[in-house]
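Quick look at final16.cif (mmCIF, C-alpha atoms):
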data_coords
#
loop_
_atom_site.group_PDB
_atom_site.id
_atom_site.type_symbol
_atom_site.label_atom_id
_atom_site.label_comp_id
_atom_site.auth_asym_id
_atom_site.auth_seq_id
_atom_site.Cartn_x
_atom_site.Cartn_y
_atom_site.Cartn_z
ATOM 1 C CA MET A 1 81.923 110.255 87.968
ATOM 2 C CA LEU A 2 85.643 110.167 88.607
ATOM 3 C CA ALA A 3 88.330 112.804 89.118
ATOM 4 C CA ARG A 4 91.678 113.424 87.454
ATOM 5 C CA THR A 5 94.643 114.856 89.307
ATOM 6 C CA VAL A 6 95.643 118.437 88.473
ATOM 7 C CA ALA A 7 98.747 120.354 89.483
ATOM 8 C CA ARG A 8 97.003 123.728 89.950
ATOM 9 C CA LEU A 9 93.733 124.703 91.581
ATOM 10 C CA PRO A 10 91.247 125.740 88.861
ATOM 11 C CA GLU A 11 89.884 129.268 89.176
ATOM 12 C CA GLY A 12 86.808 130.901 87.655
ATOM 13 C CA PRO A 13 83.064 131.425 88.189
ATOM 14 C CA ARG A 14 82.013 127.998 86.943
ATOM 15 C CA TRP A 15 84.013 125.990 89.481
ATOM 16 C CA ARG A 16 82.626 124.456 92.679
ATOM 17 C CA TYR A 17 84.936 123.173 95.398
ATOM 18 C CA GLU A 18 84.485 120.295 97.843
ATOM 19 C CA PRO A 19 86.799 118.566 100.343
ATOM 20 C CA LYS A 20 88.284 115.295 99.137
ATOM 21 C CA TRP A 21 86.975 112.932 101.795
ATOM 22 C CA ASP A 22 89.086 109.907 102.727
ATOM 23 C CA GLY A 23 86.804 106.885 102.757
ATOM 24 C CA TYR A 24 84.898 104.483 100.519
ATOM 25 C CA ARG A 25 82.954 105.939 97.608
ATOM 26 C CA ALA A 26 79.411 104.556 97.468
ATOM 27 C CA LEU A 27 76.094 105.047 95.722
ATOM 28 C CA ALA A 28 72.989 104.730 97.903
ATOM 29 C CA GLU A 29 69.700 103.806 96.251
ATOM 30 C CA ARG A 30 66.527 104.061 98.346
ATOM 31 C CA GLY A 31 64.058 101.565 96.944
ATOM 32 C CA ALA A 32 60.450 101.040 97.892
ATOM 33 C CA GLU A 33 61.290 98.314 100.421
ATOM 34 C CA ARG A 34 65.069 98.353 100.918
ATOM 35 C CA THR A 35 68.161 100.487 100.463
ATOM 36 C CA ALA A 36 71.217 99.305 98.526
ATOM 37 C CA LEU A 37 74.763 100.605 98.970
ATOM 38 C CA THR A 38 77.098 99.936 96.029
ATOM 39 C CA SER A 39 80.858 100.488 95.838
ATOM 40 C CA ARG A 40 82.715 102.140 92.992
ATOM 41 C CA ALA A 41 83.769 98.643 91.895
ATOM 42 C CA GLY A 42 80.135 97.513 91.785
ATOM 43 C CA ASN A 43 80.202 95.480 94.998
ATOM 44 C CA SER A 44 77.495 95.590 97.638
ATOM 45 C CA PHE A 45 78.220 97.551 100.811
ATOM 46 C CA THR A 46 74.715 97.112 102.224
ATOM 47 C CA SER A 47 75.621 94.527 104.871
ATOM 48 C CA THR A 48 79.122 95.977 105.344
ATOM 49 C CA PHE A 49 77.785 99.333 106.562
ATOM 50 C CA PRO A 50 74.341 98.517 107.980
ATOM 51 C CA GLU A 51 74.059 101.762 109.965
ATOM 52 C CA VAL A 52 74.545 103.780 106.756
ATOM 53 C CA ALA A 53 71.960 101.744 104.855
ATOM 54 C CA ALA A 54 69.487 102.138 107.728
ATOM 55 C CA ALA A 55 70.023 105.911 107.928
ATOM 56 C CA VAL A 56 69.536 106.369 104.182
ATOM 57 C CA HIS A 57 66.383 104.253 104.293
ATOM 58 C CA ALA A 58 64.952 106.295 107.159
ATOM 59 C CA ALA A 59 65.882 109.730 105.813
ATOM 60 C CA LEU A 60 65.299 109.594 102.070
ATOM 61 C CA PRO A 61 62.102 108.888 100.124
ATOM 62 C CA PRO A 62 61.760 105.946 97.712
ATOM 63 C CA GLY A 63 63.185 106.576 94.259
ATOM 64 C CA THR A 64 66.218 108.504 95.548
ATOM 65 C CA LEU A 65 69.766 107.813 94.327
ATOM 66 C CA VAL A 66 72.688 109.692 95.880
ATOM 67 C CA ASP A 67 76.471 109.641 95.543
ATOM 68 C CA GLY A 68 78.786 110.071 98.498
ATOM 69 C CA GLU A 69 81.651 108.851 100.661
ATOM 70 C CA ILE A 70 81.508 106.512 103.643
ATOM 71 C CA VAL A 71 83.927 107.780 106.289
ATOM 72 C CA ARG A 72 84.815 107.100 109.903
ATOM 73 C CA TRP A 73 85.596 109.940 112.298
ATOM 74 C CA SER A 74 88.009 108.947 115.050
ATOM 75 C CA PRO A 75 87.355 110.027 118.666
ATOM 76 C CA GLU A 76 89.997 112.702 118.082
ATOM 77 C CA GLY A 77 88.004 114.143 115.175
ATOM 78 C CA ARG A 78 90.176 112.872 112.306
ATOM 79 C CA LEU A 79 89.199 110.758 109.334
ATOM 80 C CA ASP A 80 90.177 107.143 110.032
ATOM 81 C CA PHE A 81 90.579 105.237 106.765
ATOM 82 C CA ASP A 82 91.962 102.158 108.549
ATOM 83 C CA ALA A 83 88.670 101.824 110.432
ATOM 84 C CA VAL A 84 86.719 101.989 107.163
ATOM 85 C CA GLN A 85 89.020 99.300 105.748
ATOM 86 C CA ARG A 86 88.331 97.059 108.747
ATOM 87 C CA ARG A 87 84.654 97.328 107.954
ATOM 88 C CA GLY A 88 85.341 96.585 104.294
ATOM 89 C CA ARG A 89 87.036 93.303 105.245
ATOM 90 C CA SER A 90 84.353 92.267 107.737
ATOM 91 C CA GLY A 91 81.600 89.733 107.267
ATOM 92 C CA PRO A 92 77.983 90.690 108.054
ATOM 93 C CA ALA A 93 78.110 89.627 111.722
ATOM 94 C CA ALA A 94 81.381 91.453 112.410
ATOM 95 C CA ALA A 95 80.127 94.503 110.501
ATOM 96 C CA ARG A 96 77.072 94.697 112.758
ATOM 97 C CA ARG A 97 79.300 94.605 115.841
ATOM 98 C CA LEU A 98 81.626 97.263 114.438
ATOM 99 C CA ALA A 99 78.646 99.439 113.497
ATOM 100 C CA ALA A 100 78.020 99.776 117.224
ATOM 101 C CA THR A 101 81.630 100.336 118.306
ATOM 102 C CA GLU A 102 83.064 102.170 115.263
ATOM 103 C CA PRO A 103 80.072 103.730 113.471
ATOM 104 C CA CYS A 104 80.629 105.357 110.106
ATOM 105 C CA HIS A 105 79.067 108.379 108.429
ATOM 106 C CA TYR A 106 77.881 108.891 104.879
ATOM 107 C CA ILE A 107 78.860 112.249 103.388
ATOM 108 C CA VAL A 108 76.428 112.871 100.521
ATOM 109 C CA PHE A 109 77.593 115.204 97.753
ATOM 110 C CA ASP A 110 75.379 114.530 94.713
ATOM 111 C CA LEU A 111 71.762 113.709 93.893
ATOM 112 C CA LEU A 112 71.318 111.484 90.833
ATOM 113 C CA ALA A 113 67.612 110.606 91.070
ATOM 114 C CA GLU A 114 64.661 112.027 92.986
ATOM 115 C CA GLU A 115 61.242 110.366 93.212
ATOM 116 C CA GLY A 116 62.380 108.030 90.441
ATOM 117 C CA THR A 117 63.319 110.879 88.085
ATOM 118 C CA ASP A 118 66.828 110.724 86.589
ATOM 119 C CA LEU A 119 68.707 113.945 87.362
ATOM 120 C CA THR A 120 72.074 113.038 85.858
ATOM 121 C CA ARG A 121 71.514 115.268 82.815
ATOM 122 C CA ARG A 122 70.750 118.287 85.002
ATOM 123 C CA PRO A 123 73.564 120.710 85.894
ATOM 124 C CA LEU A 124 75.454 120.184 89.133
ATOM 125 C CA ASP A 125 74.174 123.459 90.605
ATOM 126 C CA GLU A 126 70.571 122.291 90.220
ATOM 127 C CA ARG A 127 71.337 118.834 91.612
ATOM 128 C CA ARG A 128 73.088 120.420 94.566
ATOM 129 C CA ASP A 129 70.146 122.739 95.353
ATOM 130 C CA ARG A 130 67.782 119.773 95.289
ATOM 131 C CA LEU A 131 70.113 117.722 97.495
ATOM 132 C CA THR A 132 70.377 120.530 100.049
ATOM 133 C CA ALA A 133 66.600 120.801 100.240
ATOM 134 C CA LEU A 134 66.241 117.022 100.530
ATOM 135 C CA LEU A 135 68.654 116.719 103.459
ATOM 136 C CA ARG A 136 67.697 119.934 105.238
ATOM 137 C CA GLU A 137 65.136 118.264 107.487
ATOM 138 C CA THR A 138 66.881 114.960 108.124
ATOM 139 C CA ALA A 139 67.365 113.915 111.729
ATOM 140 C CA GLN A 140 69.799 111.136 110.862
ATOM 141 C CA PRO A 141 73.221 112.007 112.332
ATOM 142 C CA VAL A 142 74.855 109.293 110.199
ATOM 143 C CA LEU A 143 74.054 111.325 107.054
ATOM 144 C CA MET A 144 76.047 114.477 106.362
ATOM 145 C CA LEU A 145 75.639 116.965 103.533
ATOM 146 C CA GLY A 146 79.088 117.367 101.990
ATOM 147 C CA TRP A 147 80.697 120.781 102.141
ATOM 148 C CA HIS A 148 80.449 122.707 98.885
ATOM 149 C CA THR A 149 81.455 126.247 97.906
ATOM 150 C CA ALA A 150 81.806 128.488 94.885
ATOM 151 C CA SER A 151 84.269 130.700 96.773
ATOM 152 C CA LEU A 152 87.922 130.314 95.805
ATOM 153 C CA GLU A 153 88.900 131.974 99.092
ATOM 154 C CA VAL A 154 86.941 129.431 101.127
ATOM 155 C CA ALA A 155 88.376 126.568 99.053
ATOM 156 C CA ARG A 156 91.909 127.767 99.721
ATOM 157 C CA GLN A 157 91.142 127.977 103.422
ATOM 158 C CA TRP A 158 89.881 124.383 103.390
ATOM 159 C CA TYR A 159 92.993 123.276 101.536
ATOM 160 C CA ALA A 160 95.212 124.949 104.117
ATOM 161 C CA GLU A 161 93.359 123.914 107.278
ATOM 162 C CA MET A 162 91.601 120.605 106.661
ATOM 163 C CA PRO A 163 94.696 118.353 106.433
ATOM 164 C CA ALA A 164 94.637 118.589 110.240
ATOM 165 C CA VAL A 165 91.572 116.319 110.200
ATOM 166 C CA GLY A 166 92.776 114.030 107.400
ATOM 167 C CA VAL A 167 91.342 115.771 104.314
ATOM 168 C CA GLU A 168 94.077 115.533 101.684
ATOM 169 C CA GLY A 169 92.831 118.029 99.132
ATOM 170 C CA LEU A 170 89.921 119.318 97.088
ATOM 171 C CA VAL A 171 87.613 117.985 94.387
ATOM 172 C CA VAL A 172 86.701 120.633 91.821
ATOM 173 C CA LYS A 173 83.549 120.378 89.706
ATOM 174 C CA ASP A 174 81.919 122.406 86.947
ATOM 175 C CA GLY A 175 78.632 123.802 88.271
ATOM 176 C CA ARG A 176 77.118 123.724 84.772
ATOM 177 C CA ALA A 177 77.965 120.090 84.021
ATOM 178 C CA PRO A 178 75.791 116.970 84.079
ATOM 179 C CA TYR A 179 76.777 113.785 85.911
ATOM 180 C CA ARG A 180 78.577 111.443 83.523
ATOM 181 C CA PRO A 181 79.227 108.032 85.126
ATOM 182 C CA GLY A 182 82.741 106.711 84.583
ATOM 183 C CA ARG A 183 84.064 109.967 83.092
ATOM 184 C CA ARG A 184 87.069 111.703 84.689
ATOM 185 C CA GLU A 185 85.662 115.203 84.340
ATOM 186 C CA TRP A 186 85.981 116.278 87.962
ATOM 187 C CA GLN A 187 89.384 117.537 89.054
ATOM 188 C CA LYS A 188 91.369 116.521 92.112
ATOM 189 C CA TYR A 189 93.845 118.916 93.689
ATOM 190 C CA LYS A 190 95.876 117.057 96.299
ATOM 191 C CA ARG A 191 98.696 117.879 98.649
ATOM 192 C CA ARG A 192 100.549 114.819 97.433
ATOM 193 C CA VAL A 193 100.114 113.114 94.109
ATOM 194 C CA THR A 194 99.157 109.480 94.493
ATOM 195 C CA THR A 195 97.756 107.013 92.031
ATOM 196 C CA GLU A 196 96.648 103.402 91.822
ATOM 197 C CA ALA A 197 98.203 100.252 90.425
ATOM 198 C CA VAL A 198 97.378 96.557 90.204
ATOM 199 C CA VAL A 199 99.448 94.066 92.198
ATOM 200 C CA GLY A 200 100.647 91.346 89.832
ATOM 201 C CA GLY A 201 103.413 89.863 91.957
ATOM 202 C CA VAL A 202 105.289 90.039 95.240
ATOM 203 C CA THR A 203 108.733 89.325 96.519
ATOM 204 C CA GLY A 204 108.447 86.759 99.264
ATOM 205 C CA SER A 205 105.027 85.120 99.431
ATOM 206 C CA PRO A 206 101.422 86.345 99.225
ATOM 207 C CA GLU A 207 101.119 85.550 102.935
ATOM 208 C CA ARG A 208 104.171 87.679 103.754
ATOM 209 C CA PRO A 209 104.903 90.054 100.872
ATOM 210 C CA GLY A 210 108.218 91.916 100.931
ATOM 211 C CA GLN A 211 107.698 94.230 97.956
ATOM 212 C CA LEU A 212 104.817 94.600 95.511
ATOM 213 C CA VAL A 213 105.368 94.287 91.760
ATOM 214 C CA LEU A 214 102.959 96.732 90.145
ATOM 215 C CA GLY A 215 101.082 96.647 86.870
ATOM 216 C CA ARG A 216 99.104 98.933 84.589
ATOM 217 C CA ARG A 217 97.066 98.219 81.480
ATOM 218 C CA ASP A 218 98.657 99.274 78.187
ATOM 219 C CA SER A 219 96.169 101.664 76.589
ATOM 220 C CA ALA A 220 97.109 100.453 73.093
ATOM 221 C CA THR A 221 96.991 96.690 73.644
ATOM 222 C CA GLY A 222 94.990 96.238 76.848
ATOM 223 C CA GLU A 223 97.754 94.039 78.282
ATOM 224 C CA LEU A 224 98.797 94.291 81.908
ATOM 225 C CA ARG A 225 102.417 95.487 81.927
ATOM 226 C CA ILE A 226 104.928 95.643 84.761
ATOM 227 C CA VAL A 227 105.430 99.316 85.614
ATOM 228 C CA GLY A 228 107.306 99.301 88.911
ATOM 229 C CA ARG A 229 107.669 97.982 92.411
ATOM 230 C CA THR A 230 107.325 99.348 95.896
ATOM 231 C CA ALA A 231 109.923 99.832 98.576
ATOM 232 C CA ASP A 232 110.050 97.200 101.319
ATOM 233 C CA LEU A 233 106.787 96.829 103.203
ATOM 234 C CA GLY A 234 106.539 97.133 106.969
ATOM 235 C CA PRO A 235 104.886 94.516 109.241
ATOM 236 C CA ALA A 236 101.553 96.368 109.432
ATOM 237 C CA GLU A 237 101.477 96.834 105.656
ATOM 238 C CA ARG A 238 102.193 93.144 105.064
ATOM 239 C CA ALA A 239 99.408 92.171 107.455
ATOM 240 C CA ALA A 240 96.895 94.452 105.718
ATOM 241 C CA LEU A 241 97.807 93.208 102.238
ATOM 242 C CA SER A 242 98.117 89.460 102.733
ATOM 243 C CA PRO A 243 94.324 88.783 102.848
ATOM 244 C CA LEU A 244 93.976 90.500 99.464
ATOM 245 C CA LEU A 245 96.639 88.471 97.635
ATOM 246 C CA ARG A 246 96.271 85.049 95.990
ATOM 247 C CA ALA A 247 99.055 83.112 94.345
ATOM 248 C CA ALA A 248 98.473 82.663 90.604
ATOM 249 C CA GLU A 249 98.041 79.077 89.444
ATOM 250 C CA GLY A 250 99.013 77.643 86.083
ATOM 251 C CA ASP A 251 100.681 79.496 83.231
ATOM 252 C CA ASP A 252 97.985 81.987 82.278
ATOM 253 C CA HIS A 253 99.511 84.901 84.195
ATOM 254 C CA PRO A 254 100.443 87.742 81.797
ATOM 255 C CA TRP A 255 103.918 88.211 83.307
ATOM 256 C CA PRO A 256 107.109 86.112 83.060
ATOM 257 C CA ALA A 257 108.258 83.917 85.912
ATOM 258 C CA VAL A 258 111.363 86.090 86.416
ATOM 259 C CA LEU A 259 111.543 89.877 86.430
ATOM 260 C CA PRO A 260 113.436 91.647 83.620
ATOM 261 C CA ALA A 261 117.237 91.592 83.741
ATOM 262 C CA SER A 262 117.301 95.377 84.169
ATOM 263 C CA TRP A 263 115.898 94.883 87.678
ATOM 264 C CA GLY A 264 119.275 93.758 89.018
ATOM 265 C CA SER A 265 120.667 90.546 90.462
ATOM 266 C CA ASP A 266 119.003 87.156 90.176
ATOM 267 C CA ARG A 267 117.879 87.377 93.773
ATOM 268 C CA SER A 268 116.188 90.769 93.322
ATOM 269 C CA ARG A 269 114.425 89.430 90.227
ATOM 270 C CA GLU A 270 112.797 86.511 92.019
ATOM 271 C CA TYR A 271 109.159 87.009 92.817
ATOM 272 C CA THR A 272 105.824 85.215 93.166
ATOM 273 C CA ARG A 273 103.097 85.969 90.674
ATOM 274 C CA VAL A 274 99.678 86.699 92.179
ATOM 275 C CA VAL A 275 96.216 86.990 90.658
ATOM 276 C CA PRO A 276 96.167 90.586 89.325
ATOM 277 C CA GLU A 277 93.081 91.744 91.172
ATOM 278 C CA ALA A 278 94.290 93.660 94.245
ATOM 279 C CA VAL A 279 94.613 97.433 93.845
ATOM 280 C CA VAL A 280 96.947 99.620 95.891
ATOM 281 C CA GLU A 281 97.532 103.343 96.151
ATOM 282 C CA VAL A 282 101.143 104.388 95.599
ATOM 283 C CA ALA A 283 103.158 107.614 95.367
ATOM 284 C CA PRO A 284 105.628 107.423 92.459
ATOM 285 C CA ASP A 285 107.953 110.226 91.447
ATOM 286 C CA THR A 286 108.080 111.610 87.931
ATOM 287 C CA ALA A 287 111.160 109.659 86.747
ATOM 288 C CA VAL A 288 110.209 107.079 84.116
ATOM 289 C CA SER A 289 112.255 104.828 81.853
ATOM 290 C CA GLY A 290 111.230 102.145 79.405
ATOM 291 C CA GLY A 291 107.570 102.513 80.264
ATOM 292 C CA ARG A 292 108.188 102.013 84.000
ATOM 293 C CA TRP A 293 108.559 104.148 87.092
ATOM 294 C CA ARG A 294 112.347 104.201 87.349
ATOM 295 C CA HIS A 295 112.605 104.388 91.133
ATOM 296 C CA VAL A 296 110.859 102.256 93.710
ATOM 297 C CA VAL A 297 107.536 103.838 94.631
ATOM 298 C CA ARG A 298 106.163 104.532 98.067
ATOM 299 C CA TYR A 299 103.301 102.281 99.123
ATOM 300 C CA VAL A 300 100.407 104.273 100.616
ATOM 301 C CA ARG A 301 97.607 101.793 101.292
ATOM 302 C CA ALA A 302 95.481 98.984 99.915
ATOM 303 C CA ARG A 303 92.360 99.961 97.968
ATOM 304 C CA PRO A 304 89.933 97.011 98.194
ATOM 305 C CA ASP A 305 87.126 99.410 97.255
ATOM 306 C CA VAL A 306 88.600 99.956 93.763
ATOM 307 C CA ASP A 307 88.234 97.468 90.923
ATOM 308 C CA ALA A 308 91.331 96.644 88.873
ATOM 309 C CA ALA A 309 89.473 97.733 85.729
ATOM 310 C CA ASP A 310 89.220 101.291 87.098
ATOM 311 C CA VAL A 311 92.981 101.762 87.542
ATOM 312 C CA PRO A 312 94.403 104.361 85.103
ATOM 313 C CA ALA A 313 96.275 103.038 82.078
ATOM 314 C CA ASP A 314 99.957 103.387 81.190
ATOM 315 C CA LEU A 315 101.790 105.660 83.672
ATOM 316 C CA ASP A 316 98.910 108.126 83.993
ATOM 317 C CA LEU A 317 98.795 109.657 87.474
ATOM 318 C CA GLU A 318 95.094 110.496 87.202
ATOM 319 C CA SER A 319 93.334 108.320 89.785
#
Please express what this file holds, its structure, as structure tokens.
Amino acid sequence: MLARTVARLPEGPRWRYEPKWDGYRALAERGAERTALTSRAGNSFTSTFPEVAAAVHAALPPGTLVDGEIVRWSPEGRLDFDAVQRRGRSGPAAARRLAATEPCHYIVFDLLAEEGTDLTRRPLDERRDRLTALLRETAQPVLMLGWHTASLEVARQWYAEMPAVGVEGLVVKDGRAPYRPGRREWQKYKRRVTTEAVVGGVTGSPERPGQLVLGRRDSATGELRIVGRTADLGPAERAALSPLLRAAEGDDHPWPAVLPASWGSDRSREYTRVVPEAVVEVAPDTAVSGGRWRHVVRYVRARPDVDAADVPADLDLES
């Protein structure tokens, strides 16, 4: 399941509140002989986070499927998304080395199958009770039961205090609801509104991007449209993005070779088209014009864990 951004914290007896962890979303399936970790985009994380796969295999019985977030706690006790990204870019050998020096944790927040029985149609409250019982006796420090409360007062306290450790908000769920894969029925209450976009071009080169030209799918036509561009990237941001960008070849790119005239001078309209597969998180403001974010948007980070097909359509900020 996915979450949509809301401007106000929902209140009422049906709502359950959880911290919004800053890591890589992953499903963990404990099979009879091996455990598989799968990203939100459908990619395998099993060899990328071997310590997580091993802990799940040791702690959970066969036929178990759980949903959670892979995170890295820094020595100072803060969530370290950059460290998780390093693991995401690593090959199997490097991932094994980093598992020893920068181990990650798996925060489990939902139980989707138990002993081979599908639980997705059961209400969240029941799934949560079963998950709590399942993890109560585990001795695997890599696995953590995600925080969860029905108390609005506790949720507000988390929202106020947990940014100090890198938690950027809350995820709010209906305790009566089933688990519906792919549906944006959870709610996300964040301190800052960010969203995702597809990179379809860059100023400069893919090896040294200056700005990112951003795209979104048109909900009516399915076409990838230009919706904005970022401010100038810094050296560290360019270094993190360049491995994710590939220059487009041929004439099958959906965008023109030159940006629209409304973007300014000829020089500011020059850019290099790239294969529209890399996803980034950005923080646009609310000003829109002609189906685009009118001002340059702030680049937040790369999201290699998100598939381009999962990026919201049009100028929707729900991500």
Show me, as an mmCIF file with C-alpha atoms, keeping the file's coordinate frame, the residues that have an atom within 12 Å of A:Gly12 when counting all atoms listed in the file, minus same-chain residues fewer than 2 positions from it.
data_model
loop_
_atom_site.group_PDB
_atom_site.id
_atom_site.type_symbol
_atom_site.label_atom_id
_atom_site.label_comp_id
_atom_site.auth_asym_id
_atom_site.auth_seq_id
_atom_site.Cartn_x
_atom_site.Cartn_y
_atom_site.Cartn_z
ATOM 1 C CA LEU A 9 93.733 124.703 91.581
ATOM 2 C CA PRO A 10 91.247 125.740 88.861
ATOM 3 C CA ARG A 14 82.013 127.998 86.943
ATOM 4 C CA TRP A 15 84.013 125.990 89.481
ATOM 5 C CA ARG A 16 82.626 124.456 92.679
ATOM 6 C CA TYR A 17 84.936 123.173 95.398
ATOM 7 C CA ALA A 150 81.806 128.488 94.885
ATOM 8 C CA SER A 151 84.269 130.700 96.773
ATOM 9 C CA LEU A 152 87.922 130.314 95.805
ATOM 10 C CA GLU A 153 88.900 131.974 99.092
ATOM 11 C CA VAL A 172 86.701 120.633 91.821
ATOM 12 C CA LYS A 173 83.549 120.378 89.706
ATOM 13 C CA ASP A 174 81.919 122.406 86.947
ATOM 14 C CA GLY A 175 78.632 123.802 88.271
#
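Between atom CA of A:Gly146 and atom CA of A:Arg128 there is a distance of 10.0 Å.
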- request: Kindly give the distance, in Å, that separates atom CA of A:Glu161 and atom CA of A:Ala55, rounded to a single decimal.
  value: 29.5 Å
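Closest approach to A:Val306 among A:Glu281, A:Glu223, A:Glu102, A:Asp110: A:Glu281, based on all atoms listed in the file.
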- request: For A:Arg180, list every protein, DNA or RNA residue within 10 Å, evaluated using only C-alpha atoms, and leave out those in the same chain fewer than 5 positions away; present the list as a PyMOL selection string.
  value: chain A and resi 1-2+120-121+185-186
field: Explicit residues for the PyMOL selection byres ((chain A and resi 245) around 12) (as number ranges by chain)
entry: A: 198-202, 205-209, 212, 238-244, 246-248, 272-280, 302, 304
task: Convert the output of the PyMOL selection byres ((chain A and resi 33) around 12) on the shown file into explicit residues, formatted as a ChimeraX atom specification.
output: /A:29-32,34-36,54,57-58,61-63
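Residues matched by the PyMOL selection byres ((chain A and resi 18) around 9) in this file are Arg16, Tyr17, Pro19, Lys20, Trp21, Phe109, Gly146, Trp147, His148, Thr149, Ala155, Trp158, Gly169, Leu170, Val171, Val172 and Lys173 of chain A.
Those residues that approach stretch 132-134 of chain A to within 12 Å, counting only C-alpha atoms, are Val56, Ala59, Leu60, Pro61, Thr64, Leu65, Val66, Val108, Phe109, Asp110, Leu111, Ala113, Glu114, Glu115, Asp125, Glu126, Leu143, Met144, Leu145, Gly146, Trp147 and His148 of chain A; same-chain residues fewer than 6 positions away are not listed.
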Just-selected residues, C-alpha atoms written as an mmCIF file, in the coordinates of the input:
data_model
loop_
_atom_site.group_PDB
_atom_site.id
_atom_site.type_symbol
_atom_site.label_atom_id
_atom_site.label_comp_id
_atom_site.auth_asym_id
_atom_site.auth_seq_id
_atom_site.Cartn_x
_atom_site.Cartn_y
_atom_site.Cartn_z
ATOM 1 C CA VAL A 56 69.536 106.369 104.182
ATOM 2 C CA ALA A 59 65.882 109.730 105.813
ATOM 3 C CA LEU A 60 65.299 109.594 102.070
ATOM 4 C CA PRO A 61 62.102 108.888 100.124
ATOM 5 C CA THR A 64 66.218 108.504 95.548
ATOM 6 C CA LEU A 65 69.766 107.813 94.327
ATOM 7 C CA VAL A 66 72.688 109.692 95.880
ATOM 8 C CA VAL A 108 76.428 112.871 100.521
ATOM 9 C CA PHE A 109 77.593 115.204 97.753
ATOM 10 C CA ASP A 110 75.379 114.530 94.713
ATOM 11 C CA LEU A 111 71.762 113.709 93.893
ATOM 12 C CA ALA A 113 67.612 110.606 91.070
ATOM 13 C CA GLU A 114 64.661 112.027 92.986
ATOM 14 C CA GLU A 115 61.242 110.366 93.212
ATOM 15 C CA ASP A 125 74.174 123.459 90.605
ATOM 16 C CA GLU A 126 70.571 122.291 90.220
ATOM 17 C CA LEU A 143 74.054 111.325 107.054
ATOM 18 C CA MET A 144 76.047 114.477 106.362
ATOM 19 C CA LEU A 145 75.639 116.965 103.533
ATOM 20 C CA GLY A 146 79.088 117.367 101.990
ATOM 21 C CA TRP A 147 80.697 120.781 102.141
ATOM 22 C CA HIS A 148 80.449 122.707 98.885
#
query: For the atom pair atom CA of A:Val227 and atom CA of A:Asn43, what is the interatomic distance in Å to one decimal place?
result: 27.2 Å
- request: May I have the residues within 8 Å of A:Thr38 as an NGL selection string, using only C-alpha atoms and disregarding those fewer than 5 positions away in the same chain?
  value: :A and (26-28 or 43-46)
